[in-house]
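Pasting target.csv here (CSV, C-alpha atoms):
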```
chain,number,residue,atom,x,y,z
A,1,MET,CA,146.8,-68.2,32.5
A,2,VAL,CA,144.2,-65.9,31.0
A,3,PRO,CA,143.5,-66.7,27.3
A,4,THR,CA,143.2,-63.8,24.8
A,5,PRO,CA,139.7,-63.5,23.5
A,6,VAL,CA,138.9,-63.1,19.8
A,7,LYS,CA,135.5,-62.4,18.3
A,8,ILE,CA,133.6,-63.2,15.2
A,9,ILE,CA,130.3,-61.5,14.5
A,10,ILE,CA,127.4,-63.4,12.9
A,11,ALA,CA,125.2,-60.8,11.2
A,12,GLY,CA,122.3,-60.8,8.7
A,13,GLY,CA,118.7,-60.0,8.4
A,14,PHE,CA,115.9,-61.3,10.6
A,15,GLY,CA,115.4,-65.0,10.2
A,16,ALA,CA,118.6,-65.5,8.2
A,17,GLY,CA,119.9,-68.1,10.7
A,18,LYS,CA,122.2,-66.2,13.0
A,19,THR,CA,121.2,-67.9,16.2
A,20,THR,CA,121.2,-71.3,14.4
A,21,MET,CA,124.8,-70.8,13.2
A,22,VAL,CA,126.0,-69.7,16.7
A,23,GLY,CA,124.3,-72.7,18.2
A,24,SER,CA,125.5,-75.3,15.7
A,25,VAL,CA,129.2,-74.4,15.9
A,26,SER,CA,129.5,-73.3,19.6
A,27,GLU,CA,131.0,-75.7,22.1
A,28,ILE,CA,128.5,-74.5,24.7
A,29,PRO,CA,124.7,-74.2,24.2
A,30,PRO,CA,124.2,-70.7,22.9
A,31,LEU,CA,123.7,-68.2,25.7
A,32,THR,CA,121.6,-65.1,25.6
A,33,THR,CA,122.6,-62.0,27.6
A,34,GLU,CA,120.7,-58.7,27.9
A,35,GLU,CA,122.0,-55.2,27.6
A,36,VAL,CA,119.6,-52.8,29.5
A,37,LEU,CA,119.5,-49.4,27.8
A,38,THR,CA,117.8,-46.3,28.9
A,39,GLU,CA,115.9,-44.6,26.2
A,40,ALA,CA,118.4,-41.8,26.4
A,41,SER,CA,121.3,-44.1,25.4
A,42,ALA,CA,119.1,-45.7,22.8
A,43,GLY,CA,119.0,-42.3,21.2
A,44,VAL,CA,116.1,-42.9,18.8
A,45,ASP,CA,113.0,-41.8,20.6
A,46,ASP,CA,111.8,-38.3,21.1
A,47,LEU,CA,111.6,-38.0,24.8
A,48,SER,CA,110.5,-34.3,25.0
A,49,GLY,CA,107.8,-34.0,27.6
A,50,VAL,CA,108.3,-37.5,28.8
A,51,GLU,CA,108.8,-37.6,32.6
A,52,ARG,CA,109.2,-41.3,33.1
A,53,LYS,CA,112.5,-42.8,32.0
A,54,THR,CA,111.9,-46.3,30.6
A,55,THR,CA,114.5,-49.0,29.8
A,56,THR,CA,114.8,-51.2,26.7
A,57,THR,CA,116.4,-54.6,26.7
A,58,VAL,CA,118.4,-55.9,23.8
A,59,ALA,CA,119.1,-59.6,23.7
A,60,LEU,CA,122.5,-60.8,22.4
A,61,ASP,CA,123.1,-64.5,21.5
A,62,PHE,CA,126.6,-65.8,21.8
A,63,GLY,CA,128.6,-68.9,21.7
A,64,ARG,CA,132.2,-70.0,22.4
A,65,ILE,CA,135.0,-72.1,20.9
A,66,THR,CA,138.1,-72.8,22.9
A,67,ILE,CA,140.8,-72.5,20.2
A,68,SER,CA,143.8,-73.4,22.5
A,69,PRO,CA,144.9,-72.6,26.0
A,70,ARG,CA,146.0,-69.2,24.7
A,71,HIS,CA,142.9,-68.2,22.6
A,72,VAL,CA,139.2,-68.4,23.0
A,73,LEU,CA,136.8,-67.5,20.2
A,74,TYR,CA,133.5,-65.8,20.9
A,75,LEU,CA,130.7,-65.8,18.3
A,76,PHE,CA,128.2,-63.0,18.7
A,77,GLY,CA,124.9,-62.8,16.8
A,78,THR,CA,123.9,-59.2,16.1
A,79,PRO,CA,120.6,-58.0,17.4
A,80,GLY,CA,118.3,-58.0,14.5
A,81,GLN,CA,116.3,-54.8,15.0
A,82,ALA,CA,117.6,-51.8,13.1
A,83,ARG,CA,117.3,-49.5,16.0
A,84,PHE,CA,120.0,-51.3,17.9
A,85,TRP,CA,122.6,-51.0,15.3
A,86,PHE,CA,124.7,-48.6,17.4
A,87,MET,CA,125.5,-51.8,19.4
A,88,TRP,CA,127.1,-53.3,16.3
A,89,ASP,CA,130.1,-50.9,16.7
A,90,ASP,CA,130.8,-52.2,20.2
A,91,LEU,CA,130.5,-55.8,19.0
A,92,ALA,CA,132.7,-55.2,16.0
A,93,ARG,CA,135.5,-53.4,17.8
A,94,GLY,CA,138.6,-55.6,17.8
A,95,ALA,CA,136.8,-58.4,16.0
A,96,ILE,CA,138.3,-60.7,13.4
A,97,GLY,CA,135.4,-59.9,11.1
A,98,THR,CA,131.9,-60.9,10.3
A,99,VAL,CA,129.9,-63.7,8.6
A,100,VAL,CA,126.9,-62.0,7.0
A,101,LEU,CA,124.3,-64.7,6.6
A,102,VAL,CA,122.0,-64.4,3.7
A,103,ASP,CA,118.6,-65.9,3.0
A,104,THR,CA,118.1,-66.0,-0.8
A,105,ARG,CA,114.3,-65.5,-0.4
A,106,ARG,CA,114.9,-62.2,1.4
A,107,LEU,CA,118.1,-60.8,0.0
A,108,GLU,CA,117.1,-57.3,0.7
A,109,THR,CA,117.3,-57.9,4.5
A,110,SER,CA,121.0,-58.4,4.3
A,111,PHE,CA,121.8,-55.2,2.4
A,112,ALA,CA,122.1,-53.1,5.6
A,113,ALA,CA,124.5,-55.5,7.3
A,114,ILE,CA,126.7,-55.7,4.2
A,115,ASP,CA,126.7,-51.9,3.9
A,116,PHE,CA,127.6,-51.5,7.6
A,117,PHE,CA,130.7,-53.7,7.6
A,118,GLU,CA,131.9,-52.5,4.2
A,119,ARG,CA,131.8,-48.9,5.3
A,120,ARG,CA,133.8,-49.7,8.4
A,121,LYS,CA,136.3,-51.8,6.5
A,122,ILE,CA,135.6,-54.8,8.7
A,123,PRO,CA,136.5,-58.0,6.9
A,124,PHE,CA,133.4,-60.0,6.1
A,125,VAL,CA,132.3,-63.0,4.1
A,126,VAL,CA,128.8,-63.6,2.7
A,127,ALA,CA,127.5,-67.0,3.8
A,128,VAL,CA,124.4,-68.0,1.8
A,129,ASN,CA,122.3,-70.1,4.1
A,130,CYS,CA,120.9,-72.8,1.8
A,131,PHE,CA,117.4,-73.3,3.2
A,132,ASP,CA,115.7,-76.5,2.0
A,133,ASN,CA,112.9,-74.8,0.1
A,134,ALA,CA,114.8,-71.7,-1.1
A,135,PRO,CA,115.8,-71.2,-4.7
A,136,ARG,CA,119.4,-72.0,-5.5
A,137,TYR,CA,121.6,-69.4,-7.1
A,138,THR,CA,125.3,-69.4,-8.1
A,139,ALA,CA,127.8,-67.4,-6.2
A,140,ASP,CA,128.1,-65.0,-9.1
A,141,GLU,CA,124.3,-64.4,-9.2
A,142,ILE,CA,124.4,-63.7,-5.5
A,143,ARG,CA,127.3,-61.4,-5.8
A,144,GLU,CA,125.6,-59.4,-8.6
A,145,ALA,CA,122.3,-59.2,-6.6
A,146,LEU,CA,124.0,-58.1,-3.4
A,147,VAL,CA,126.5,-55.8,-5.3
A,148,VAL,CA,129.5,-57.1,-3.3
A,149,PRO,CA,133.0,-56.6,-4.7
A,150,ASP,CA,135.0,-59.5,-6.0
A,151,ARG,CA,137.4,-59.5,-3.0
A,152,VAL,CA,134.5,-60.4,-0.7
A,153,PRO,CA,134.3,-64.3,-0.5
A,154,ILE,CA,130.8,-65.8,-1.0
A,155,VAL,CA,130.3,-69.3,0.6
A,156,MET,CA,127.3,-71.6,0.5
A,157,CYS,CA,126.4,-73.1,3.9
A,158,ASP,CA,123.9,-74.8,6.0
A,159,ALA,CA,123.7,-72.9,9.3
A,160,ARG,CA,122.3,-76.0,11.1
A,161,ASP,CA,125.4,-78.0,10.2
A,162,ARG,CA,128.4,-77.7,12.5
A,163,ASP,CA,131.1,-78.5,9.8
A,164,SER,CA,129.4,-76.2,7.3
A,165,SER,CA,129.3,-73.4,9.8
A,166,LYS,CA,132.9,-74.1,10.7
A,167,LEU,CA,133.9,-73.8,7.1
A,168,ALA,CA,132.3,-70.4,6.9
A,169,LEU,CA,134.3,-69.2,9.9
A,170,ILE,CA,137.5,-70.6,8.4
A,171,ARG,CA,136.8,-68.8,5.2
A,172,LEU,CA,136.4,-65.6,7.1
A,173,VAL,CA,139.6,-66.0,9.1
A,174,LYS,CA,141.5,-66.7,5.9
A,175,HIS,CA,140.0,-63.6,4.3
A,176,ALA,CA,140.9,-61.5,7.3
A,177,MET,CA,144.5,-62.6,7.0
A,178,THR,CA,144.6,-61.2,3.5
A,179,VAL,CA,143.5,-57.8,4.6
A,180,VAL,CA,145.5,-57.3,7.8
A,181,PRO,CA,147.1,-53.9,7.3
A,182,ALA,CA,150.8,-54.1,6.4
A,183,ALA,CA,151.8,-52.2,9.5
A,184,ARG,CA,150.7,-54.9,11.8
A,185,VAL,CA,152.0,-57.9,9.8
B,1,MET,CA,119.7,-59.2,45.7
B,2,SER,CA,120.6,-62.6,44.2
B,3,ALA,CA,118.2,-65.1,42.8
B,4,GLU,CA,118.3,-67.0,46.0
B,5,ASP,CA,117.0,-64.0,47.9
B,6,GLY,CA,113.9,-63.9,45.9
B,7,TRP,CA,114.7,-60.7,44.1
B,8,TYR,CA,114.6,-62.4,40.7
B,9,ASP,CA,111.4,-63.4,39.0
B,10,GLU,CA,111.5,-65.8,36.0
B,11,ALA,CA,108.9,-63.8,34.1
B,12,ALA,CA,109.5,-60.3,35.2
B,13,GLY,CA,113.3,-60.5,35.5
B,14,PRO,CA,115.2,-58.7,38.3
B,15,LEU,CA,112.9,-57.1,40.8
B,16,VAL,CA,115.7,-54.6,41.6
B,17,ARG,CA,116.3,-51.8,39.1
B,18,PRO,CA,119.6,-52.7,37.4
B,19,TYR,CA,121.8,-49.8,38.6
B,20,THR,CA,120.7,-50.1,42.2
B,21,ILE,CA,123.3,-52.8,42.6
B,22,THR,CA,126.0,-50.3,41.5
B,23,SER,CA,124.6,-47.4,43.6
B,24,GLY,CA,123.7,-45.7,40.4
B,25,ARG,CA,127.1,-45.8,38.8
B,26,THR,CA,127.2,-46.4,35.1
B,27,PRO,CA,130.1,-48.0,33.2
B,28,ALA,CA,131.7,-44.9,31.8
B,29,GLY,CA,135.2,-45.6,33.1
B,30,THR,CA,135.2,-49.3,32.3
B,31,ALA,CA,134.2,-49.1,28.7
B,32,ARG,CA,137.4,-50.9,27.8
B,33,LEU,CA,135.8,-54.1,29.1
B,34,ASP,CA,134.6,-55.9,25.9
B,35,LEU,CA,131.9,-58.5,25.9
B,36,SER,CA,134.5,-61.1,25.3
B,37,THR,CA,137.0,-59.7,27.9
B,38,GLN,CA,138.3,-62.6,30.1
B,39,VAL,CA,138.0,-62.0,33.9
B,40,MET,CA,140.0,-64.2,36.3
B,41,THR,CA,140.0,-64.0,40.1
B,42,LEU,CA,143.4,-63.7,41.7
B,43,ARG,CA,144.0,-66.0,44.6
B,44,SER,CA,143.9,-64.2,47.9
B,45,GLU,CA,144.7,-65.3,51.4
B,46,GLN,CA,141.7,-63.9,53.2
B,47,GLU,CA,138.1,-63.3,52.1
B,48,PRO,CA,138.0,-59.7,50.8
B,49,ALA,CA,135.8,-57.4,52.9
B,50,GLY,CA,133.2,-54.9,51.9
B,51,LEU,CA,132.0,-56.6,48.7
B,52,GLY,CA,128.3,-56.8,47.7
B,53,PRO,CA,126.7,-60.2,47.0
B,54,GLU,CA,127.1,-59.6,43.2
B,55,HIS,CA,130.8,-58.9,43.6
B,56,VAL,CA,131.2,-62.1,45.6
B,57,ALA,CA,129.3,-64.0,42.9
B,58,ILE,CA,131.7,-62.7,40.2
B,59,VAL,CA,134.8,-63.5,42.3
B,60,GLN,CA,133.5,-67.1,42.8
B,61,LEU,CA,132.5,-67.6,39.2
B,62,CYS,CA,135.8,-66.4,37.8
B,63,ARG,CA,138.2,-68.8,39.5
B,64,HIS,CA,138.7,-69.9,35.9
B,65,PRO,CA,138.7,-67.2,33.2
B,66,VAL,CA,135.1,-66.2,32.2
B,67,SER,CA,134.0,-63.6,29.7
B,68,VAL,CA,132.0,-60.5,30.7
B,69,ALA,CA,129.1,-61.7,28.6
B,70,GLU,CA,129.1,-65.1,30.4
B,71,ILE,CA,129.3,-63.4,33.8
B,72,ALA,CA,126.1,-61.4,32.9
B,73,VAL,CA,124.3,-64.7,32.1
B,74,TYR,CA,125.4,-66.7,35.1
B,75,VAL,CA,125.1,-64.0,37.7
B,76,LYS,CA,121.9,-62.8,36.1
B,77,ILE,CA,122.7,-59.1,35.9
B,78,PRO,CA,122.8,-56.8,32.9
B,79,LEU,CA,126.0,-56.3,31.0
B,80,GLY,CA,126.4,-52.6,31.9
B,81,VAL,CA,126.2,-53.6,35.6
B,82,VAL,CA,128.7,-56.4,35.1
B,83,ARG,CA,131.1,-53.8,33.7
B,84,VAL,CA,130.8,-51.6,36.7
B,85,LEU,CA,131.2,-54.4,39.2
B,86,VAL,CA,134.2,-55.9,37.4
B,87,GLY,CA,135.7,-52.4,37.3
B,88,ASP,CA,135.4,-52.3,41.1
B,89,LEU,CA,137.1,-55.7,41.4
B,90,ILE,CA,139.9,-54.5,39.1
B,91,GLU,CA,140.4,-51.4,41.2
B,92,ARG,CA,140.7,-53.5,44.3
B,93,GLY,CA,143.2,-55.9,42.6
B,94,LEU,CA,141.0,-58.9,43.0
B,95,VAL,CA,140.7,-59.9,39.4
B,96,ILE,CA,142.8,-59.6,36.2
B,97,THR,CA,141.4,-59.2,32.8
B,98,ARG,CA,142.4,-59.8,29.2
B,99,SER,CA,140.7,-58.0,26.3
B,100,PRO,CA,140.8,-58.8,22.5
B,101,SER,CA,143.6,-56.3,22.0
B,102,HIS,CA,145.3,-53.5,23.9
B,103,ASN,CA,144.0,-51.0,21.5
B,104,PRO,CA,140.3,-51.8,21.2
B,105,ALA,CA,140.0,-50.4,17.7
B,106,GLN,CA,142.6,-52.7,16.5
B,107,ALA,CA,141.9,-56.0,14.8
B,108,PRO,CA,143.8,-59.1,15.8
B,109,ASP,CA,147.3,-59.5,14.4
B,110,LEU,CA,148.4,-62.1,11.8
B,111,GLU,CA,149.9,-64.4,14.5
B,112,THR,CA,146.6,-64.5,16.4
B,113,LEU,CA,144.6,-65.0,13.1
B,114,GLN,CA,146.9,-68.0,12.3
B,115,ALA,CA,146.4,-69.5,15.7
B,116,VAL,CA,142.6,-69.1,15.3
B,117,LEU,CA,142.7,-70.7,11.9
B,118,ASP,CA,144.8,-73.6,13.1
B,119,GLY,CA,142.4,-74.1,16.0
B,120,LEU,CA,139.3,-74.0,13.9
B,121,ILE,CA,140.7,-76.5,11.4
B,122,LYS,CA,141.3,-78.9,14.3
B,123,TYR,CA,138.0,-78.1,16.0
```

Rewrite the structure of this file - the entire thing - as structure tokens.
Amino acid sequence: MVPTPVKIIIAGGFGAGKTTMVGSVSEIPPLTTEEVLTEASAGVDDLSGVERKTTTTVALDFGRITISPRHVLYLFGTPGQARFWFMWDDLARGAIGTVVLVDTRRLETSFAAIDFFERRKIPFVVAVNCFDNAPRYTADEIREALVVPDRVPIVMCDARDRDSSKLALIRLVKHAMTVVPAARV
Amino acid sequence: MSAEDGWYDEAAGPLVRPYTITSGRTPAGTARLDLSTQVMTLRSEQEPAGLGPEHVAIVQLCRHPVSVAEIAVYVKIPLGVVRVLVGDLIERGLVITRSPSHNPAQAPDLETLQAVLDGLIKY
């Protein structure tokens, strides 16, 4: 029997702990695969007058959790560089939703991810990765600083910790269940 | 063109340009294959003829269901190439696949979400 795959995206700014979270909660050591893109498909560089076609490689980290014989969950860390954001659409298609990891020392690096998933109405939770030496804030302070609406859950987590990361995933799935469109319930 | 043939260098990566393996074909027609799409080889009586070494590697790897992303890692070929090759195998009836949902734009239904939630709580 072939299990049905489901996906959760782990997003956030550079250094927010995406790869750490994928690794701590995955049942397999996190894997990295590479998507090779031609500059044309990357669509960002001006190629006028350039004869030689070059390729760009985007690394994608992912992990896996076998839910049951019928379902297998894949966790995909988003590529950090802004120029590869078009890939996020592919990743997010058909996904349960996204955990947006936030580093309180660099809140501004998570604005773009929050904006991306909000615009596309993809369910997401904000997971504040509590780094040892980072200042602590309350969920309300974070919510205000990130300007996320009340309906978006904010959880405190330690991306290095399996159970803590698992709780962030659980919170996301519960949140996604509340926003499943009525037509599909 | 596999690692064993010396066409893969640890530092430089594959020494064959990626789409040489697919004879220049790109994955346009197989875009429905998600990174998480499960691929499983169907049992066949005889060894299928006319397959490239990468096709064979995928057929052998997928005796149990394996995702497109994992195939790329284990067979050491880029994702776009995996999509083309798996597309070939689907056309020849050698593998079956299962994607996140029939309509790729659609999020999982409530029943699936409940199953994932129950599984995560037990995990």

Measuring atom to atom with only C-alpha atoms, identify which of A:Val72, A:Ala127, A:Ala92, A:Met1 is nearest to Pro153 (chain A).
->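 Of A:Val72, A:Ala127, A:Ala92, A:Met1, the one nearest Pro153 (chain A) is A:Ala127, counting only C-alpha atoms.
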
Mind checking which residues fall within 7 Å of region 55-64 of chain A, counting only C-alpha atoms, ignoring those fewer than 3 positions away in the same chain, and posting them as a list in words?
->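 Near neighbours after the sequence-gap exclusion: Thr19, Val22, Gly23, Ser26, Glu27, Ile28, Pro30, Leu31, Thr32, Thr33, Glu34, Glu35, Val36, Leu37, Thr38, Glu39, Leu73, Tyr74, Leu75, Phe76, Gly77, Thr78 and Pro79 of chain A.
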
Counting only C-alpha atoms, which residues of chain B come no farther than 7 Å from chain A, as a PyMOL selection string?
-> chain B and resi 36-38+40+65+69+72-73+78-80+98-101+104-110+113+116-117+119-120

If you count only C-alpha atoms, the residue of A:Ala168, A:Val126, A:Ala159, A:Ala11 closest to Ser24 (chain A) turns out to be A:Ala159

Please determine the residues with any atom at most 12 Å from (135.7, -55.4, 0.7) (coordinates as given in the file, with all atoms listed in the file counting) and report them as a list in words.
-> Gly97, Thr98, Ile114, Asp115, Phe116, Phe117, Glu118, Arg119, Arg120, Lys121, Ile122, Pro123, Phe124, Val125, Val126, Val147, Val148, Pro149, Asp150, Arg151, Val152, Pro153, Ile154, His175, Ala176, Thr178 and Val179 of chain A
